[in-house]
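S.K.: Sharing input_34.tsv (TSV, C-alpha atoms and all ligand atoms) below.
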```
chain	number	residue	atom	x	y	z
A	5	MET	CA	-12.01	-44.55	68.19
A	6	ASN	CA	-8.52	-45.08	69.72
A	7	ARG	CA	-6.91	-48.50	70.19
A	8	ARG	CA	-7.76	-48.81	73.89
A	9	CYS	CA	-11.36	-47.90	73.26
A	10	PHE	CA	-11.53	-50.35	70.34
A	11	LEU	CA	-10.12	-53.17	72.48
A	12	LYS	CA	-12.59	-52.42	75.26
A	13	LYS	CA	-15.47	-52.49	72.78
A	14	SER	CA	-14.15	-55.71	71.17
A	15	VAL	CA	-13.94	-57.54	74.49
A	16	ALA	CA	-17.47	-56.44	75.30
A	17	ALA	CA	-18.64	-57.50	71.85
A	18	THR	CA	-17.05	-60.94	72.14
A	19	SER	CA	-18.63	-61.62	75.49
A	20	VAL	CA	-22.06	-60.74	74.16
A	21	ILE	CA	-21.52	-62.79	70.99
A	22	MET	CA	-20.87	-65.81	73.25
A	23	SER	CA	-24.41	-65.55	74.55
A	24	SER	CA	-25.80	-66.53	71.15
A	25	GLY	CA	-29.44	-66.65	72.25
A	26	PHE	CA	-29.34	-62.96	73.07
A	27	MET	CA	-27.60	-62.20	69.81
A	28	LEU	CA	-30.11	-64.06	67.67
A	29	ALA	CA	-32.91	-62.14	69.33
A	30	SER	CA	-31.28	-58.76	68.74
A	31	CYS	CA	-30.36	-59.56	65.09
A	32	ARG	CA	-34.01	-60.16	64.30
A	33	ARG	CA	-35.15	-56.87	62.81
A	34	ALA	CA	-38.84	-56.14	62.72
A	35	LEU	CA	-38.97	-52.64	64.22
A	36	ARG	CA	-41.07	-51.20	61.41
A	37	THR	CA	-43.72	-53.92	61.39
A	38	ASP	CA	-43.78	-54.05	65.19
A	39	LEU	CA	-44.19	-50.29	65.63
A	40	MET	CA	-45.93	-48.96	62.57
A	41	GLY	CA	-49.07	-50.90	61.75
A	42	ILE	CA	-51.90	-48.72	60.47
A	43	ASP	CA	-54.01	-50.04	63.33
A	44	ASN	CA	-51.62	-48.75	66.02
A	45	ARG	CA	-53.86	-45.76	66.52
A	46	SER	CA	-53.60	-44.01	69.85
A	47	ALA	CA	-56.35	-42.38	71.89
A	48	LYS	CA	-54.95	-38.93	71.00
A	49	THR	CA	-56.04	-39.30	67.38
A	50	GLY	CA	-59.54	-40.26	68.51
A	51	LYS	CA	-60.95	-36.97	67.22
A	52	LEU	CA	-59.73	-37.67	63.69
A	53	ALA	CA	-62.16	-39.44	61.37
A	54	PRO	CA	-60.77	-42.96	60.70
A	55	ASP	CA	-60.35	-42.24	56.97
A	56	PHE	CA	-58.44	-39.04	57.69
A	57	TYR	CA	-56.20	-40.84	60.15
A	58	LYS	CA	-55.39	-43.46	57.51
A	59	ILE	CA	-54.76	-40.86	54.80
A	60	LEU	CA	-52.24	-39.10	57.07
A	61	TYR	CA	-50.61	-42.40	57.98
A	62	TYR	CA	-50.01	-43.18	54.29
A	63	ALA	CA	-48.80	-39.63	53.67
A	64	SER	CA	-46.20	-40.07	56.41
A	65	LEU	CA	-44.56	-42.97	54.59
A	66	ALA	CA	-43.00	-40.41	52.23
A	67	PRO	CA	-39.20	-40.23	52.00
A	68	SER	CA	-37.21	-37.30	53.38
A	69	GLY	CA	-33.57	-36.26	53.68
A	70	HIS	CA	-32.04	-37.99	56.76
A	71	ASN	CA	-35.61	-39.23	57.37
A	72	SER	CA	-36.16	-35.99	59.29
A	73	GLN	CA	-39.86	-35.94	58.27
A	74	PRO	CA	-40.02	-32.12	58.09
A	75	TRP	CA	-43.82	-31.93	57.90
A	76	PHE	CA	-46.70	-31.13	60.21
A	77	VAL	CA	-50.41	-30.93	59.43
A	78	LYS	CA	-52.65	-28.25	60.89
A	79	MET	CA	-56.37	-28.85	60.60
A	80	THR	CA	-58.04	-25.48	60.25
A	81	SER	CA	-61.33	-27.30	59.68
A	82	ALA	CA	-62.44	-30.84	58.78
A	83	THR	CA	-62.07	-30.02	55.10
A	84	GLU	CA	-59.21	-27.51	55.11
A	85	TRP	CA	-55.75	-28.59	56.22
A	86	ILE	CA	-52.37	-26.92	56.02
A	87	VAL	CA	-49.25	-28.97	55.38
A	88	GLY	CA	-46.46	-27.17	57.17
A	89	SER	CA	-42.69	-27.25	57.47
A	90	ASP	CA	-41.33	-27.97	60.96
A	91	SER	CA	-38.21	-25.85	61.57
A	92	ASN	CA	-36.99	-28.33	64.21
A	93	ARG	CA	-36.67	-30.84	61.38
A	94	TRP	CA	-34.74	-28.77	58.87
A	95	LEU	CA	-31.15	-29.67	57.97
A	96	PRO	CA	-29.38	-26.28	57.97
A	97	GLU	CA	-25.88	-27.68	57.40
A	98	VAL	CA	-26.58	-29.75	54.28
A	99	ASP	CA	-29.84	-28.14	53.15
A	100	GLY	CA	-29.36	-24.49	54.04
A	101	SER	CA	-31.88	-23.33	51.42
A	102	ASN	CA	-34.57	-25.82	52.56
A	103	ARG	CA	-34.72	-27.14	49.01
A	104	GLU	CA	-34.79	-30.74	50.23
A	105	ALA	CA	-37.30	-29.97	52.96
A	106	MET	CA	-39.66	-28.68	50.23
A	107	LEU	CA	-39.01	-31.76	48.04
A	108	SER	CA	-39.78	-34.04	51.00
A	109	ILE	CA	-42.98	-32.13	51.79
A	110	GLY	CA	-43.90	-32.50	48.10
A	111	ALA	CA	-43.51	-36.28	48.41
A	112	PHE	CA	-45.70	-36.21	51.55
A	113	VAL	CA	-48.40	-34.26	49.68
A	114	GLU	CA	-48.32	-36.74	46.78
A	115	ASN	CA	-48.82	-39.71	49.13
A	116	LEU	CA	-51.62	-37.81	50.86
A	117	VAL	CA	-53.44	-36.96	47.62
A	118	GLN	CA	-53.15	-40.51	46.30
A	119	ALA	CA	-54.26	-42.12	49.58
A	120	ALA	CA	-57.18	-39.67	49.88
A	121	SER	CA	-58.39	-40.62	46.39
A	122	VAL	CA	-58.57	-44.28	47.46
A	123	PHE	CA	-60.77	-43.35	50.42
A	124	GLY	CA	-63.06	-41.28	48.19
A	125	TYR	CA	-61.72	-37.76	48.67
A	126	ARG	CA	-60.51	-35.22	46.16
A	127	VAL	CA	-57.77	-32.89	47.44
A	128	LYS	CA	-57.22	-29.48	45.91
A	129	THR	CA	-53.68	-28.32	46.69
A	130	THR	CA	-52.54	-24.69	46.77
A	131	VAL	CA	-48.97	-23.72	47.56
A	132	ILE	CA	-49.20	-20.84	50.02
A	133	ALA	CA	-45.55	-20.49	51.11
A	134	GLN	CA	-43.82	-17.43	49.66
A	135	ASN	CA	-40.39	-18.87	50.37
A	136	PRO	CA	-38.94	-22.22	51.57
A	137	PHE	CA	-38.73	-21.00	55.17
A	138	ASP	CA	-42.44	-20.22	55.60
A	139	PRO	CA	-44.04	-22.54	58.15
A	140	ASN	CA	-47.28	-22.96	56.18
A	141	VAL	CA	-46.51	-24.54	52.82
A	142	VAL	CA	-49.51	-26.16	51.11
A	143	LYS	CA	-53.21	-25.61	51.73
A	144	LEU	CA	-55.41	-28.66	51.15
A	145	ASN	CA	-59.15	-28.48	50.46
A	146	ILE	CA	-60.79	-31.83	50.83
A	147	SER	CA	-64.08	-32.85	49.27
A	148	LYS	CA	-65.94	-36.10	48.72
A	149	SER	CA	-65.53	-37.88	45.38
A	150	LYS	CA	-65.72	-41.35	43.85
A	151	PRO	CA	-63.04	-43.67	45.34
A	152	LEU	CA	-60.22	-44.46	42.92
A	153	ASP	CA	-58.73	-47.89	42.51
A	154	ILE	CA	-55.07	-47.11	43.33
A	155	SER	CA	-52.85	-49.53	45.24
A	156	LEU	CA	-52.06	-48.32	48.75
A	157	GLN	CA	-49.58	-51.19	48.93
A	158	LYS	CA	-47.34	-49.20	46.57
A	159	ILE	CA	-47.09	-46.48	49.21
A	160	VAL	CA	-46.37	-49.01	51.96
A	161	ALA	CA	-43.78	-51.00	50.00
A	162	ARG	CA	-41.76	-48.10	48.55
A	163	ARG	CA	-38.33	-47.62	50.01
A	164	THR	CA	-34.85	-46.31	49.29
A	165	VAL	CA	-32.47	-49.10	48.27
A	166	LYS	CA	-28.71	-48.54	48.22
A	167	ASN	CA	-27.09	-51.93	47.73
A	168	ASN	CA	-27.00	-54.97	45.44
A	169	MET	CA	-27.97	-53.14	42.24
A	170	LEU	CA	-27.37	-55.04	39.00
A	171	SER	CA	-25.43	-53.39	36.18
A	172	LYS	CA	-28.03	-54.16	33.48
A	173	GLU	CA	-29.08	-50.96	31.70
A	174	LEU	CA	-32.63	-49.70	32.40
A	175	LYS	CA	-35.16	-50.81	29.77
A	176	THR	CA	-36.40	-48.01	27.53
A	177	SER	CA	-39.98	-48.87	28.51
A	178	ASP	CA	-39.15	-48.40	32.23
A	179	VAL	CA	-37.38	-45.09	31.59
A	180	ASN	CA	-40.35	-43.93	29.50
A	181	ASP	CA	-42.81	-44.89	32.27
A	182	PHE	CA	-40.70	-43.04	34.84
A	183	SER	CA	-40.46	-40.06	32.52
A	184	LYS	CA	-44.24	-39.95	32.17
A	185	SER	CA	-44.70	-39.92	35.95
A	186	VAL	CA	-42.38	-36.90	36.26
A	187	ASP	CA	-43.99	-35.04	33.33
A	188	SER	CA	-40.87	-35.55	31.19
A	189	HIS	CA	-38.55	-33.83	33.69
A	190	LEU	CA	-36.16	-36.78	33.56
A	191	VAL	CA	-32.78	-37.56	32.06
A	192	TYR	CA	-31.21	-41.03	32.13
A	193	PHE	CA	-27.45	-41.48	32.01
A	194	PRO	CA	-26.71	-45.22	31.62
A	195	GLY	CA	-23.74	-46.61	33.55
A	196	GLY	CA	-20.51	-46.55	31.54
A	197	THR	CA	-21.38	-43.37	29.64
A	198	ASP	CA	-19.12	-40.35	30.01
A	199	HIS	CA	-21.75	-38.33	31.86
A	200	ALA	CA	-22.55	-41.17	34.28
A	201	GLY	CA	-18.79	-41.38	34.93
A	202	LEU	CA	-18.74	-37.67	35.75
A	203	MET	CA	-21.67	-38.10	38.12
A	204	ASP	CA	-19.94	-41.04	39.83
A	205	LYS	CA	-16.88	-38.86	40.36
A	206	GLU	CA	-18.91	-35.95	41.68
A	207	ALA	CA	-20.90	-38.20	44.02
A	208	VAL	CA	-17.71	-39.48	45.63
A	209	ALA	CA	-15.88	-36.12	45.67
A	210	ASN	CA	-18.79	-34.30	47.29
A	211	TYR	CA	-19.40	-37.13	49.75
A	212	VAL	CA	-15.73	-36.78	50.81
A	213	ILE	CA	-16.11	-32.99	51.15
A	214	GLN	CA	-19.18	-33.44	53.34
A	215	SER	CA	-17.48	-36.12	55.43
A	216	ASN	CA	-14.74	-33.62	56.23
A	217	ASN	CA	-17.26	-30.98	57.27
A	218	LYS	CA	-17.56	-31.31	61.05
A	219	LYS	CA	-20.85	-29.36	61.18
A	220	ALA	CA	-22.47	-31.57	58.53
A	221	MET	CA	-21.30	-34.69	60.36
A	222	LYS	CA	-22.62	-33.35	63.66
A	223	GLU	CA	-25.97	-32.78	61.98
A	224	LEU	CA	-25.91	-36.30	60.57
A	225	ALA	CA	-25.01	-37.69	64.01
A	226	TYR	CA	-28.03	-35.85	65.46
A	227	TRP	CA	-30.33	-37.70	63.04
A	228	VAL	CA	-28.70	-41.09	63.45
A	229	ARG	CA	-30.62	-43.50	65.68
A	230	LEU	CA	-28.16	-46.28	66.36
A	231	LYS	CA	-29.80	-47.78	69.43
A	232	ASP	CA	-33.22	-49.39	69.16
A	233	VAL	CA	-34.28	-47.49	72.25
A	234	ASP	CA	-33.71	-44.19	70.36
A	235	ALA	CA	-35.33	-45.48	67.17
A	236	LYS	CA	-38.45	-46.35	69.18
A	237	LYS	CA	-38.40	-43.09	71.10
A	238	TYR	CA	-38.04	-40.74	68.10
A	239	ARG	CA	-39.41	-42.82	65.20
A	240	ASP	CA	-37.42	-40.76	62.68
A	241	GLY	CA	-33.83	-40.40	61.48
A	242	LEU	CA	-31.45	-43.03	60.22
A	243	THR	CA	-31.40	-46.43	61.90
A	244	THR	CA	-28.77	-49.07	61.12
A	245	ASP	CA	-31.38	-50.82	58.95
A	246	GLY	CA	-32.14	-47.57	57.12
A	247	MET	CA	-28.43	-47.07	56.45
A	248	GLU	CA	-28.28	-50.72	55.28
A	249	ILE	CA	-25.74	-51.63	57.94
A	250	THR	CA	-27.06	-55.13	58.38
A	251	GLY	CA	-26.18	-58.52	59.92
A	252	MET	CA	-23.26	-58.69	62.34
A	253	ALA	CA	-22.08	-55.17	61.39
A	254	GLY	CA	-25.49	-53.74	62.21
A	255	TRP	CA	-25.66	-55.66	65.44
A	256	TYR	CA	-22.19	-54.39	66.43
A	257	VAL	CA	-23.02	-50.78	65.57
A	258	ARG	CA	-26.32	-50.92	67.51
A	259	HIS	CA	-24.66	-52.27	70.62
A	260	PHE	CA	-21.21	-50.73	70.71
A	261	MET	CA	-21.29	-47.44	68.84
A	262	ASP	CA	-22.79	-44.10	69.69
A	263	LYS	CA	-23.36	-40.71	68.08
A	264	LYS	CA	-19.76	-39.66	68.80
A	265	ASP	CA	-18.50	-42.56	66.72
A	266	VAL	CA	-20.56	-41.32	63.73
A	267	MET	CA	-18.25	-38.28	63.63
A	268	SER	CA	-15.09	-40.38	63.93
A	269	LYS	CA	-12.59	-40.73	61.10
A	270	ALA	CA	-13.14	-44.52	61.05
A	271	PHE	CA	-16.91	-44.10	60.47
A	272	CYS	CA	-16.36	-41.44	57.76
A	273	ASP	CA	-13.74	-43.59	56.01
A	274	LYS	CA	-16.17	-46.53	56.00
A	275	GLY	CA	-18.83	-44.28	54.44
A	276	ILE	CA	-16.42	-43.08	51.74
A	277	LYS	CA	-15.37	-46.66	50.94
A	278	LYS	CA	-19.03	-47.68	50.72
A	279	THR	CA	-19.87	-44.73	48.44
A	280	LYS	CA	-16.98	-45.58	46.10
A	281	ALA	CA	-18.28	-49.16	45.86
A	282	GLN	CA	-21.90	-48.03	45.40
A	283	VAL	CA	-21.20	-45.80	42.39
A	284	LYS	CA	-19.63	-48.79	40.64
A	285	GLU	CA	-22.91	-50.71	41.00
A	286	GLY	CA	-26.17	-50.27	39.14
A	287	ALA	CA	-27.55	-49.02	35.84
A	288	GLY	CA	-26.36	-45.42	36.06
A	289	TRP	CA	-28.16	-42.25	37.06
A	290	LEU	CA	-31.57	-40.66	36.73
A	291	VAL	CA	-31.78	-36.91	37.16
A	292	ILE	CA	-35.09	-35.20	37.89
A	293	THR	CA	-35.04	-31.57	36.82
A	294	SER	CA	-37.35	-28.63	37.41
A	295	ASP	CA	-38.17	-25.49	35.47
A	296	GLY	CA	-37.45	-23.18	38.40
A	297	ASN	CA	-36.58	-23.01	42.06
A	298	THR	CA	-39.73	-21.51	43.56
A	299	VAL	CA	-41.56	-23.30	46.38
A	300	THR	CA	-44.20	-24.33	43.81
A	301	ASP	CA	-41.47	-25.83	41.59
A	302	LEU	CA	-39.96	-27.73	44.51
A	303	ILE	CA	-43.26	-29.07	45.85
A	304	GLU	CA	-44.22	-30.19	42.33
A	305	THR	CA	-40.80	-31.85	41.88
A	306	GLY	CA	-41.16	-33.70	45.20
A	307	ARG	CA	-44.58	-34.91	44.05
A	308	ARG	CA	-43.17	-36.04	40.70
A	309	PHE	CA	-40.30	-37.86	42.38
A	310	GLN	CA	-42.73	-39.68	44.63
A	311	ARG	CA	-44.98	-40.68	41.71
A	312	MET	CA	-41.96	-42.23	40.06
A	313	ALA	CA	-40.70	-43.87	43.25
A	314	LEU	CA	-44.11	-45.47	43.86
A	315	SER	CA	-43.76	-47.49	40.65
A	316	ALA	CA	-40.13	-48.53	41.19
A	317	ARG	CA	-40.76	-51.65	43.22
A	318	GLU	CA	-43.05	-53.32	40.68
A	319	LYS	CA	-40.29	-52.70	38.12
A	320	MET	CA	-37.71	-54.19	40.53
A	321	ILE	CA	-35.73	-50.94	40.27
A	322	ALA	CA	-33.81	-49.62	43.27
A	323	ILE	CA	-33.69	-45.86	43.71
A	324	HIS	CA	-30.94	-44.26	45.79
A	325	PRO	CA	-30.86	-40.46	46.04
A	326	MET	CA	-27.25	-39.26	46.37
A	327	THR	CA	-27.65	-35.63	47.18
A	328	GLN	CA	-24.21	-34.41	48.28
A	329	THR	CA	-23.36	-33.12	44.77
A	330	LEU	CA	-26.43	-30.87	44.89
A	331	GLU	CA	-25.68	-29.78	48.46
A	332	GLU	CA	-22.00	-28.85	48.23
A	333	LYS	CA	-20.74	-25.63	46.60
A	334	TYR	CA	-18.10	-27.65	44.73
A	335	GLY	CA	-20.73	-29.93	43.18
A	336	GLN	CA	-23.05	-27.01	42.41
A	337	LYS	CA	-20.20	-25.21	40.61
A	338	ASN	CA	-19.37	-28.24	38.46
A	339	ILE	CA	-23.04	-28.77	37.60
A	340	LYS	CA	-23.26	-25.15	36.44
A	341	LYS	CA	-20.13	-25.62	34.32
A	342	ASN	CA	-21.43	-28.76	32.60
A	343	HIS	CA	-25.08	-27.89	31.94
A	344	HIS	CA	-27.07	-25.17	30.26
A	345	PRO	CA	-28.65	-22.76	32.76
A	346	GLY	CA	-32.18	-23.97	31.95
A	347	MET	CA	-31.45	-27.40	33.42
A	348	ILE	CA	-32.00	-27.38	37.17
A	349	PRO	CA	-31.24	-30.81	38.65
A	350	GLN	CA	-33.26	-31.48	41.82
A	351	PHE	CA	-32.69	-35.21	42.37
A	352	MET	CA	-29.58	-37.23	41.51
A	353	LEU	CA	-30.68	-40.83	41.73
A	354	ARG	CA	-28.49	-43.89	41.43
A	355	VAL	CA	-30.65	-46.65	40.00
A	356	GLY	CA	-30.47	-50.32	39.13
A	357	TYR	CA	-32.47	-53.51	38.89
A	358	LEU	CA	-32.56	-55.84	41.87
A	359	ASN	CA	-32.97	-59.61	42.03
A	360	LYS	CA	-34.68	-59.35	45.38
A	361	TYR	CA	-36.48	-56.23	46.64
A	362	PRO	CA	-36.00	-55.67	50.37
A	363	ASP	CA	-38.95	-54.65	52.53
A	364	PRO	CA	-39.08	-51.12	53.93
A	365	VAL	CA	-37.36	-50.59	57.27
A	366	SER	CA	-37.24	-46.86	58.01
A	367	LEU	CA	-39.49	-45.58	60.80
A	368	ARG	CA	-42.12	-42.84	60.85
A	369	ARG	CA	-43.62	-40.77	63.62
A	370	PRO	CA	-47.19	-41.73	64.48
A	371	VAL	CA	-49.90	-39.48	63.01
A	372	GLU	CA	-50.68	-37.90	66.39
A	373	TRP	CA	-47.09	-36.63	66.66
A	374	PHE	CA	-47.34	-34.42	63.57
A	375	VAL	CA	-50.99	-33.33	63.56
A	376	ARG	CA	-51.69	-29.96	65.18
A	377	SER	CA	-55.19	-28.74	65.79
A	401	LIG	C1	-34.78	-34.86	49.24
A	401	LIG	C2	-34.17	-36.19	49.64
A	401	LIG	C3	-32.79	-36.32	49.67
A	401	LIG	C4	-32.21	-37.55	50.02
A	401	LIG	N1	-30.83	-37.69	50.00
A	401	LIG	C5	-30.27	-38.88	50.29
A	401	LIG	C6	-28.85	-39.06	50.22
A	401	LIG	O1	-28.10	-38.16	49.88
A	401	LIG	N2	-28.35	-40.28	50.53
A	401	LIG	C7	-29.14	-41.33	50.90
A	401	LIG	O2	-28.63	-42.41	51.18
A	401	LIG	N3	-30.49	-41.19	50.96
A	401	LIG	C8	-31.06	-40.00	50.67
A	401	LIG	N4	-32.44	-39.85	50.72
A	401	LIG	C9	-33.26	-40.99	51.16
A	401	LIG	C10	-33.67	-40.84	52.62
A	401	LIG	O3	-32.59	-41.07	53.46
A	401	LIG	C11	-34.82	-41.83	52.90
A	401	LIG	O4	-35.93	-41.42	52.14
A	401	LIG	C12	-35.23	-41.85	54.36
A	401	LIG	O5	-34.18	-42.36	55.15
A	401	LIG	C13	-36.46	-42.74	54.56
A	401	LIG	O6	-36.24	-44.03	54.07
A	401	LIG	P1	-37.15	-44.69	52.95
A	401	LIG	O7	-37.01	-43.88	51.70
A	401	LIG	O8	-36.60	-46.08	52.78
A	401	LIG	O9	-38.57	-44.68	53.44
A	401	LIG	C14	-33.04	-38.65	50.36
A	401	LIG	C15	-34.43	-38.49	50.31
A	401	LIG	C16	-35.00	-37.29	49.95
A	401	LIG	C17	-36.50	-37.15	49.88
```
Is it possible to give me this structure as C-alpha cells?
Ligand SMILES: Cc1cc2nc3c(=O)[nH]c(=O)nc-3n(C[C@H](O)[C@H](O)[C@H](O)COP(=O)(O)O)c2cc1C
M.R.:
Amino acid sequence: MNRRCFLKKSVAATSVIMSSGFMLASCRRALRTDLMGIDNRSAKTGKLAPDFYKILYYASLAPSGHNSQPWFVKMTSATEWIVGSDSNRWLPEVDGSNREAMLSIGAFVENLVQAASVFGYRVKTTVIAQNPFDPNVVKLNISKSKPLDISLQKIVARRTVKNNMLSKELKTSDVNDFSKSVDSHLVYFPGGTDHAGLMDKEAVANYVIQSNNKKAMKELAYWVRLKDVDAKKYRDGLTTDGMEITGMAGWYVRHFMDKKDVMSKAFCDKGIKKTKAQVKEGAGWLVITSDGNTVTDLIETGRRFQRMALSAREKMIAIHPMTQTLEEKYGQKNIKKNHHPGMIPQFMLRVGYLNKYPDPVSLRRPVEWFVRS
C-alpha cells in the first residue's frame, strides 16, 4: 500500500469510525453461529436421511489447510459412500504433493466415523486412492449398530487456536493421553529445549521464505475471505476471525483491505512479526509422525490428528499447526538432516494451555454443497 492509498483508506476509516453505531454492529462477530446451525438444512438435501445429513454436517467441521475443505462425498448407494478429493480445492503452491489435502480428508473421515457411531451406524473405511491425486479417496460402508455415547459437542467446539498460549509445560498425563489418541506417533518438545528452539527457528525461517514466494501468497490471497459478503458467499477459506485478526484491526481489515493487500509487503511483514511473537509463546511443539507416505498413511495420520484435536479443548490446550517447515524445500532439507530417515513428521503443532478457550469461528460449506449423487 503506498502513502496516498494509505491516507485515502485512513480518511475513509476515520469517517466510518465516527458513526459508532455502525461500527459496533460490524464488530459483533457471530457469522458461524448465524450461518452454520445444524438445523439450517436446505431443500436440496431433502433426499438425505436426517441422520445422514447430520453425520455429514459434523464431518464437515474438520480442519483443513487454508480451510479449503478439499472433500466431496459421492453417494453410490444409501449404504456406500465415497469420500473424494476436490481438485478445485487443492493448494498446488504450498501443498504440491497433496499431502495436506489427504491429512484434511483423514480428519473429515474421523469426524464422520465418530458422528455416525453416535447416530447408531458403524462405518467400514477402505482407502481406494492409489495416489494423492486420485479423486476417489476413501470408500465408506455404512451399517446399523448400537449408538455410542460420544460427545458431538467435542466436534463442534474444536478449533485451531493461535494466540494467548501460556508457557507452562504440558502435563505428562496430557501428553500421554494425546499420544494414545495418535497410536504413539507423537513426540513432544517442551519450550526452551534445544529441539523446540530449532523448530521455532525453522517455523520463522520457512514462513519468511513462503512470504517471499509470490505464487504462494497469490494462492493464500485466493483463499482469504476478508469481506463478510465473501465469507457468506463461499463459506470456506480464511476469514479475519479465522486468522485471529480481531477487534479494531479485524474491523479495519474487513472494511478497507482487499485480496491485493494480502500480497503486499506490509501484510507479509505483519505476518512475519506475528509468527516471531507466536513461536515465543506456548509450551513448545508436538510432532505427529507417520510410518510412511502412502495415501493410507496420510489418511490414518489425519484421523489420528483429529482424534487428538477433539480432546484438546477439555484439556484447555491450544493447537496451532505451523506447516511451512514441512512445505518448503529448505525446511524439508533441515528436517532430513536432523532426524533419522524412519521419522516422517506430518504435523508440526505449536501447543500451549489457555486461560480462556475461544469459540470456533471458521466457516464450512453447507452439506448440500459437497454432496454429489
Ligand atoms: C493439514 C493442515 C495444515 C494446516 N496448516 C496451518 C498452518 O500452517 N498455519 C495455520 O495457522 N493453520 C494451519 N492449519 C489450520 C487451518 O487453517 C484450520 O484448520 C482452518 O482454517 C479451519 O479452522 P478451524 O481449525 O478453527 O476449524 C492447518 C490445518 C490442517 C488440517
S.K.: Between range 133-245 of chain A and range 124-128 of chain A, at 12 Å or less, what are the per-residue closest atom pairs and their distances in Å? Count all atoms listed in the file, order by chain and rising residue number, and return it as JSON lines.
M.R.:
```
{"residue": "A:Val142", "atom": "CA", "partner": "A:Lys128", "partner_atom": "CA", "distance": 9.9}
{"residue": "A:Lys143", "atom": "CA", "partner": "A:Lys128", "partner_atom": "CA", "distance": 8.1}
{"residue": "A:Leu144", "atom": "CA", "partner": "A:Lys128", "partner_atom": "CA", "distance": 5.6}
{"residue": "A:Asn145", "atom": "CA", "partner": "A:Lys128", "partner_atom": "CA", "distance": 5.0}
{"residue": "A:Ile146", "atom": "CA", "partner": "A:Val127", "partner_atom": "CA", "distance": 4.7}
{"residue": "A:Ser147", "atom": "CA", "partner": "A:Arg126", "partner_atom": "CA", "distance": 5.3}
{"residue": "A:Lys148", "atom": "CA", "partner": "A:Tyr125", "partner_atom": "CA", "distance": 4.5}
{"residue": "A:Ser149", "atom": "CA", "partner": "A:Tyr125", "partner_atom": "CA", "distance": 5.0}
{"residue": "A:Lys150", "atom": "CA", "partner": "A:Gly124", "partner_atom": "CA", "distance": 5.1}
{"residue": "A:Pro151", "atom": "CA", "partner": "A:Gly124", "partner_atom": "CA", "distance": 3.7}
{"residue": "A:Leu152", "atom": "CA", "partner": "A:Gly124", "partner_atom": "CA", "distance": 6.8}
{"residue": "A:Asp153", "atom": "CA", "partner": "A:Gly124", "partner_atom": "CA", "distance": 9.7}
{"residue": "A:Ile154", "atom": "CA", "partner": "A:Gly124", "partner_atom": "CA", "distance": 11.0}
```
S.K.: Near range 101-115 of chain A, counting only C-alpha atoms, which residues have an atom at most 8 Å away, once you skip same-chain residues fewer than 4 positions from it, shown as number ranges by chain?
M.R.: A: 62-69, 73-75, 87, 89, 94-96, 119, 136-137, 159, 299, 302-311
S.K.: Using all atoms listed in the file, which protein or nucleic acid residues come within 10 Å of Lys264 in chain A? Drop anything in the same chain fewer than 2 positions from it, and give the result as a list in words.
M.R.: Met5, Met221, Lys222, Ala225, Tyr226, Met261, Asp262, Val266, Met267, Ser268 and Phe271 of chain A
S.K.: Take every atom of ligand LIG 401 (chain A) listed in the file, pad by 6 Å on each side, and give me the axis-aligned box centre and edge lengths in Å, one decimal, as AutoDock Vina command-line options.
M.R.:
```
--center_x -33.3 --center_y -40.5 --center_z 52.2 --size_x 22.5 --size_y 23.2 --size_z 17.9
```
S.K.: Hey, can you check how far CA of Asp99 in chain A sits from CA of Thr164 in chain A?
M.R.: 19.2 Å
S.K.: Return the single residue from A:Ile348, A:Glu206, A:Lys51, A:Arg33 that is closest to Arg258 in chain A, with distances computed using all atoms listed in the file.
M.R.: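 Distance minimum relative to Arg258 in chain A lands on A:Arg33.
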S.K.: For Lys278 in chain A, which residue among A:Asn135, A:Asn167, A:Ser377, A:Ser183 is the nearest when counting all atoms listed in the file?
M.R.: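 Between A:Asn135, A:Asn167, A:Ser377, A:Ser183, the residue approaching Lys278 in chain A most closely is A:Asn167.
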S.K.: Could you jot down the CA of Val98 in chain A to CA of Glu332 in chain A separation for me, Å, one decimal place?
M.R.: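 Atom-to-atom, CA of Val98 in chain A and CA of Glu332 in chain A are spaced 7.6 Å apart.
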S.K.: Can you measure CA of Pro370 in chain A to atom C6 of ligand LIG 401 (chain A) for me? One decimal in Å is fine.
M.R.: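 For CA of Pro370 in chain A relative to atom C6 of ligand LIG 401 (chain A), the distance reads 23.4 Å.
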S.K.: Residues near Leu170 in chain A, anyone? I mean within 7 Å using all atoms listed in the file, not counting same-chain ones fewer than 2 positions away, as a list in words.
M.R.: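 The neighbour list is Asn168, Lys172, Glu285, Gly286, Ala287, Gly356, Tyr357 and Leu358 of chain A.
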S.K.: With distances taken over all atoms listed in the file, which residue among A:Lys158, A:His324, A:Arg239, A:Lys333 lies nearest ligand LIG 401 (chain A)?
M.R.: A:His324
